[in-house]
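As structure tokens, the structure follows; a few thoughts come after it.
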Amino acid sequence: MKNKILALFASLSMSGFVFGDIQIGENVTIKGFLDASYSNVNSDAAATDSSDVSLDEVEIDFLFNSDSVSARVDIDTNSQALDSGNGNSATDGMDIEQAHFTYTTDGGLSVTVGRFGSALGFEGQDPSGLYTYSRAYSANNGRFNIGNIDNTEHRSDGIRFGYSADAYSLTVSADQDVNQDLRTADSRLNYEIALAYTGVENLNLGLGYRNDRSGTTAGDDHNVINVHAAYTAGKALVAAEYTVLDSETTGTADQDALMLLIDYDFSDKLGAAVRYSQEDTSATADQTKWTIAPNYQITDSLGTIVEFSNTNPDGANNNSTEFAVELTYTF
């Protein structure tokens with residue numbers, strides 16, 4: 001099953017799940033994963049049932065380290081992972097998910113330049129860092145998945161300043177959407193600040209704010225506040241998340257989403273996660289989702305998740321159920 005602490009740090013840092021690294025020379029490491037699944041969705045809505053066998057995502061990460069400078073390049077088949085809500089629908093060909101270099105001082109200060117993702121949110125971008133097959137939020141193309149605020153995946157080029165101490169780390173970044181021009185009114189800089197606190201044993205706390213201007217017209221900024229926490233007690237992990245999305249578009253009300261998750265390890269190989277999530281779909285309606293996801297570690301590098309989910313949006317004849325089996329191979 002997926003290691004709880006590693007998965008949590010993966011979600012905080014937007015990096016992949018670190019299970020085993022392949023050392024290439026003194027300063028280069030390679031790691032990655034392959035993710036495939038079968039899913040079947042039955043819905044009360046007409047003509048919306050689906051069944052799919054998919055190679056969801058393939059990722060190869062290159063990590064470089066030389067003195068006080070490190071670099072990372074993640075090559076990915078699925079550059080639109082967050083758009084689907086469930087994370088499937090990998091595309092042919094490869095893309096650069098993130099690529100950046102970081103200079104770190106002895107005092108814990110760091111500067112990162114390049115392409116990177118948001119540091120906010122409990123659920124990471126990669127499926128190898130999740131406790132379930134699906135994501136907690138799926139309405140409106142998963143807009144409450146951090147980095148998907150405007151229905152597009154968050155892959156930005158910019159600069160990030162960080163400070164790391166024994167009990168906490170702080171990052172502040174300014175970025176723009178890939179292939180955008182800052183001179184246009186609808187493509188201005190985004191700003192983000194994220195704090196991670198680990199000063200209490202077995203507790204990980206994340207808090208952050210993002211002002212997302214990409215893809216919006218002037219005056220239509222999206223302000224996002226996210227707080228999430230995870231506590232490990234013996235074989236159980238309990239996690240909670242709350243997100244507020246405030247759009248400055250005239251006539252658009254604030255919307256919020258929440259998630260509660262419990263993951264329990266019955267043995268070194270067998271575990272199960274139970275998740276409840278709720279998200280606003282409009283100013284007057286919301287959607288709830290229940291998920292049960294047993295997981296089994298087949299080998300040290302191969303794991304599987306079997307998921308049952310029920311999604312219940314407001315309104316008649318909109319309920320849907322999903323059954324999925326996911327296999328993830330990490331290296």
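Just so we're on the same page: first chain in the structure tokens is A, next is B, and so on; residues restart at 1 for each chain, and ligands are numbered from 1 in the order they show up.
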
Show me, as JSON, numbers by chain, the residues that have an atom within 8 Å of segment 267-272 of chain A when counting only C-alpha atoms, minus same-chain residues fewer than 3 positions from it. {"A": [1, 263, 264, 292, 293, 294, 295, 296, 297, 298]}

Pick out the residues sitting within 10 Å of Gly158 of chain A, and hand them over as number ranges by chain; count only C-alpha atoms, and ignore anything fewer than 5 positions along from it in its own chain. A: 100, 112-117, 173-178, 189-191

Could you turn the residues from that selection into a file that holds C-alpha atoms, as a PDB file, in the first residue's frame?
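The resulting part_24.pdb:
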```pdb
ATOM      1  CA  HIS A 100      13.190  23.809 -12.541  1.00  0.00           C
ATOM      2  CA  THR A 112      13.548  28.026  -7.560  1.00  0.00           C
ATOM      3  CA  VAL A 113      13.241  29.122 -11.186  1.00  0.00           C
ATOM      4  CA  GLY A 114      11.391  27.260 -13.919  1.00  0.00           C
ATOM      5  CA  ARG A 115       8.134  25.367 -14.338  1.00  0.00           C
ATOM      6  CA  PHE A 116       6.386  24.044 -11.239  1.00  0.00           C
ATOM      7  CA  GLY A 117       2.946  23.320  -9.817  1.00  0.00           C
ATOM      8  CA  SER A 173       5.897  32.243  -5.645  1.00  0.00           C
ATOM      9  CA  ALA A 174       4.978  34.370  -8.631  1.00  0.00           C
ATOM     10  CA  ASP A 175       4.152  32.617 -11.887  1.00  0.00           C
ATOM     11  CA  GLN A 176       2.348  32.799 -15.202  1.00  0.00           C
ATOM     12  CA  ASP A 177       0.590  30.186 -17.303  1.00  0.00           C
ATOM     13  CA  VAL A 178       2.723  28.383 -19.878  1.00  0.00           C
ATOM     14  CA  LEU A 189       1.067  37.104 -12.817  1.00  0.00           C
ATOM     15  CA  ASN A 190      -0.340  34.648 -10.286  1.00  0.00           C
ATOM     16  CA  TYR A 191       0.772  34.799  -6.654  1.00  0.00           C
TER      17      TYR A 191
END
```

Using only C-alpha atoms for the distances, tell me which of A:Tyr133, A:Asn226, A:Phe161, A:Ser156 is nearest to Val274 of chain A.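 Once distances to Val274 of chain A are computed over only C-alpha atoms, the minimum belongs to A:Tyr133.
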
Residues near Gly108 of chain A, anyone? I mean within 12 Å using only C-alpha atoms, not counting same-chain ones fewer than 6 positions away, as a ChimeraX atom specification. /A:68,102,161-166,168-171

One-decimal distance in Å that lies between atom CA of Thr321 of chain A and atom CA of Asp44 of chain A: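 Those two atoms sit 9.1 Å apart.
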
Counting only C-alpha atoms, which residues in segment 190-263 of chain A sit no more than 8 Å from segment 141-145 of chain A? For each one, give the nearest pair of atoms and the distance in Å, sorted by chain then residue number, as a tab-separated table.
```
residue	atom	partner	partner_atom	distance
A:Thr243	CA	A:Phe144	CA	7.4
A:Leu245	CA	A:Phe144	CA	7.8
A:Ala257	CA	A:Phe144	CA	7.0
```

How would the residues just chosen look if you wrote them out with N, CA and C atoms as an mmCIF file, in the first residue's frame?
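Written output follows (out-v7.cif):
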```
data_model
loop_
_atom_site.group_PDB
_atom_site.id
_atom_site.type_symbol
_atom_site.label_atom_id
_atom_site.label_comp_id
_atom_site.auth_asym_id
_atom_site.auth_seq_id
_atom_site.Cartn_x
_atom_site.Cartn_y
_atom_site.Cartn_z
ATOM 1 N N THR A 243 -11.417 24.212 1.372
ATOM 2 C CA THR A 243 -10.991 25.157 0.342
ATOM 3 C C THR A 243 -12.095 26.164 0.069
ATOM 4 N N LEU A 245 -13.088 29.213 -2.654
ATOM 5 C CA LEU A 245 -12.797 29.798 -3.963
ATOM 6 C C LEU A 245 -13.641 31.060 -4.124
ATOM 7 N N ALA A 257 -15.349 23.877 -0.668
ATOM 8 C CA ALA A 257 -15.315 22.420 -0.768
ATOM 9 C C ALA A 257 -14.617 21.885 0.473
#
```

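You will find atom CA of Ile146 of chain A at 13.1 Å from atom CA of Glu279 of chain A.
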
Near-Val200 of chain A list (10 Å; only C-alpha atoms; drop same-chain fewer than 3 positions) as a VMD selection string: chain A and resid 167 197 203 to 205 231

Would you save the residues from that selection as a compact mmCIF listing (two decimals), in the first residue's frame, using C-alpha atoms?
```txt
# COMPACT_ATOMS: atom_id res chain seq x y z
CA ALA A 167 9.18 22.57 12.29
CA TYR A 197 3.97 22.86 9.69
CA LEU A 203 0.79 15.92 12.52
CA ASN A 204 1.25 17.60 9.13
CA LEU A 205 -0.53 20.90 8.55
CA TYR A 231 -2.60 13.03 11.61
```

Hey, what's within 6 Å of Asp76 of chain A if we count only C-alpha atoms and toss same-chain stuff fewer than 6 positions away? As number ranges by chain, please? A: 58-59, 94-95, 97

Residue nearest Leu327 of chain A - candidates A:Gly199, A:Gly234, A:Pro127, A:Gly315, atoms counted: only C-alpha atoms: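 Closest to Leu327 of chain A of all the choices is A:Pro127.
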
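For the residues A:Ala285, A:Ala273, A:Ala194, A:Ile22, ranking by smallest atom-to-atom distance to Val306 of chain A using only C-alpha atoms places A:Ala273 first.
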
Figure out the distance between atom CA of Leu258 of chain A and atom CA of Arg213 of chain A, please, to one decimal in Å.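 Computed distance, atom CA of Arg213 of chain A to atom CA of Leu258 of chain A, equals 23.2 Å.
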
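Per DSSP on the backbone, strand (DSSP E) in segment 261-302 of chain A comprises Leu261, Ile262, Asp263, Tyr264, Asp265, Leu270, Gly271, Ala272, Ala273, Val274, Arg275, Tyr276, Ser277, Gln278, Glu279, Asp280, Asp286, Gln287, Thr288, Lys289, Trp290, Thr291, Ile292, Ala293, Pro294, Asn295, Tyr296, Gln297 and Leu302 of chain A.
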
Put those residues in a file: N, CA and C atoms, as an mmCIF file, in the first residue's frame.
```cif
data_model
loop_
_atom_site.group_PDB
_atom_site.id
_atom_site.type_symbol
_atom_site.label_atom_id
_atom_site.label_comp_id
_atom_site.auth_asym_id
_atom_site.auth_seq_id
_atom_site.Cartn_x
_atom_site.Cartn_y
_atom_site.Cartn_z
ATOM 1 N N LEU A 261 -10.945 12.161 5.161
ATOM 2 C CA LEU A 261 -10.412 10.880 4.717
ATOM 3 C C LEU A 261 -9.811 10.122 5.891
ATOM 4 N N ILE A 262 -10.069 8.812 5.934
ATOM 5 C CA ILE A 262 -9.437 7.913 6.897
ATOM 6 C C ILE A 262 -8.816 6.762 6.121
ATOM 7 N N ASP A 263 -7.540 6.520 6.351
ATOM 8 C CA ASP A 263 -6.849 5.393 5.728
ATOM 9 C C ASP A 263 -6.283 4.511 6.840
ATOM 10 N N TYR A 264 -6.530 3.209 6.751
ATOM 11 C CA TYR A 264 -6.092 2.282 7.811
ATOM 12 C C TYR A 264 -5.331 1.116 7.198
ATOM 13 N N ASP A 265 -4.195 0.775 7.807
ATOM 14 C CA ASP A 265 -3.379 -0.347 7.359
ATOM 15 C C ASP A 265 -3.706 -1.584 8.202
ATOM 16 N N LEU A 270 -1.961 -4.764 3.107
ATOM 17 C CA LEU A 270 -3.387 -4.494 2.898
ATOM 18 C C LEU A 270 -3.844 -3.288 3.708
ATOM 19 N N GLY A 271 -4.589 -2.400 3.045
ATOM 20 C CA GLY A 271 -5.153 -1.239 3.709
ATOM 21 C C GLY A 271 -6.431 -0.818 3.019
ATOM 22 N N ALA A 272 -7.055 0.228 3.543
ATOM 23 C CA ALA A 272 -8.286 0.727 2.940
ATOM 24 C C ALA A 272 -8.479 2.186 3.323
ATOM 25 N N ALA A 273 -9.048 2.949 2.395
ATOM 26 C CA ALA A 273 -9.347 4.358 2.626
ATOM 27 C C ALA A 273 -10.843 4.591 2.469
ATOM 28 N N VAL A 274 -11.395 5.433 3.340
ATOM 29 C CA VAL A 274 -12.785 5.886 3.246
ATOM 30 C C VAL A 274 -12.748 7.409 3.171
ATOM 31 N N ARG A 275 -13.432 7.972 2.177
ATOM 32 C CA ARG A 275 -13.386 9.419 1.964
ATOM 33 C C ARG A 275 -14.775 9.984 1.739
ATOM 34 N N TYR A 276 -15.018 11.135 2.335
ATOM 35 C CA TYR A 276 -16.230 11.910 2.071
ATOM 36 C C TYR A 276 -15.808 13.283 1.573
ATOM 37 N N SER A 277 -16.441 13.751 0.510
ATOM 38 C CA SER A 277 -16.143 15.092 0.007
ATOM 39 C C SER A 277 -17.429 15.791 -0.412
ATOM 40 N N GLN A 278 -17.393 17.092 -0.318
ATOM 41 C CA GLN A 278 -18.528 17.928 -0.720
ATOM 42 C C GLN A 278 -17.992 19.180 -1.374
ATOM 43 N N GLU A 279 -18.613 19.588 -2.474
ATOM 44 C CA GLU A 279 -18.169 20.778 -3.190
ATOM 45 C C GLU A 279 -19.367 21.522 -3.755
ATOM 46 N N ASP A 280 -19.285 22.839 -3.748
ATOM 47 C CA ASP A 280 -20.315 23.653 -4.377
ATOM 48 C C ASP A 280 -20.225 23.519 -5.882
ATOM 49 N N ASP A 286 -24.868 21.915 -4.479
ATOM 50 C CA ASP A 286 -23.592 21.276 -4.185
ATOM 51 C C ASP A 286 -23.626 19.810 -4.621
ATOM 52 N N GLN A 287 -22.506 19.141 -4.447
ATOM 53 C CA GLN A 287 -22.348 17.738 -4.816
ATOM 54 C C GLN A 287 -21.586 17.027 -3.705
ATOM 55 N N THR A 288 -22.083 15.862 -3.307
ATOM 56 C CA THR A 288 -21.398 15.058 -2.306
ATOM 57 C C THR A 288 -20.899 13.762 -2.936
ATOM 58 N N LYS A 289 -19.851 13.197 -2.316
ATOM 59 C CA LYS A 289 -19.249 11.987 -2.859
ATOM 60 C C LYS A 289 -18.723 11.119 -1.719
ATOM 61 N N TRP A 290 -19.072 9.838 -1.767
ATOM 62 C CA TRP A 290 -18.538 8.841 -0.836
ATOM 63 C C TRP A 290 -17.634 7.880 -1.606
ATOM 64 N N THR A 291 -16.493 7.567 -1.024
ATOM 65 C CA THR A 291 -15.536 6.675 -1.680
ATOM 66 C C THR A 291 -15.004 5.655 -0.678
ATOM 67 N N ILE A 292 -14.979 4.391 -1.090
ATOM 68 C CA ILE A 292 -14.323 3.321 -0.342
ATOM 69 C C ILE A 292 -13.271 2.720 -1.262
ATOM 70 N N ALA A 293 -12.014 2.657 -0.785
ATOM 71 C CA ALA A 293 -10.925 2.246 -1.673
ATOM 72 C C ALA A 293 -9.942 1.336 -0.941
ATOM 73 N N PRO A 294 -10.154 0.014 -0.962
ATOM 74 C CA PRO A 294 -9.125 -0.907 -0.449
ATOM 75 C C PRO A 294 -7.887 -0.867 -1.343
ATOM 76 N N ASN A 295 -6.717 -1.065 -0.728
ATOM 77 C CA ASN A 295 -5.480 -1.087 -1.509
ATOM 78 C C ASN A 295 -4.612 -2.253 -1.072
ATOM 79 N N TYR A 296 -3.828 -2.757 -2.007
ATOM 80 C CA TYR A 296 -2.975 -3.919 -1.719
ATOM 81 C C TYR A 296 -1.635 -3.735 -2.412
ATOM 82 N N GLN A 297 -0.546 -3.928 -1.657
ATOM 83 C CA GLN A 297 0.803 -3.824 -2.201
ATOM 84 C C GLN A 297 1.226 -5.197 -2.707
ATOM 85 N N LEU A 302 4.836 -2.541 -7.029
ATOM 86 C CA LEU A 302 3.539 -2.624 -7.702
ATOM 87 C C LEU A 302 2.415 -2.652 -6.684
#
```
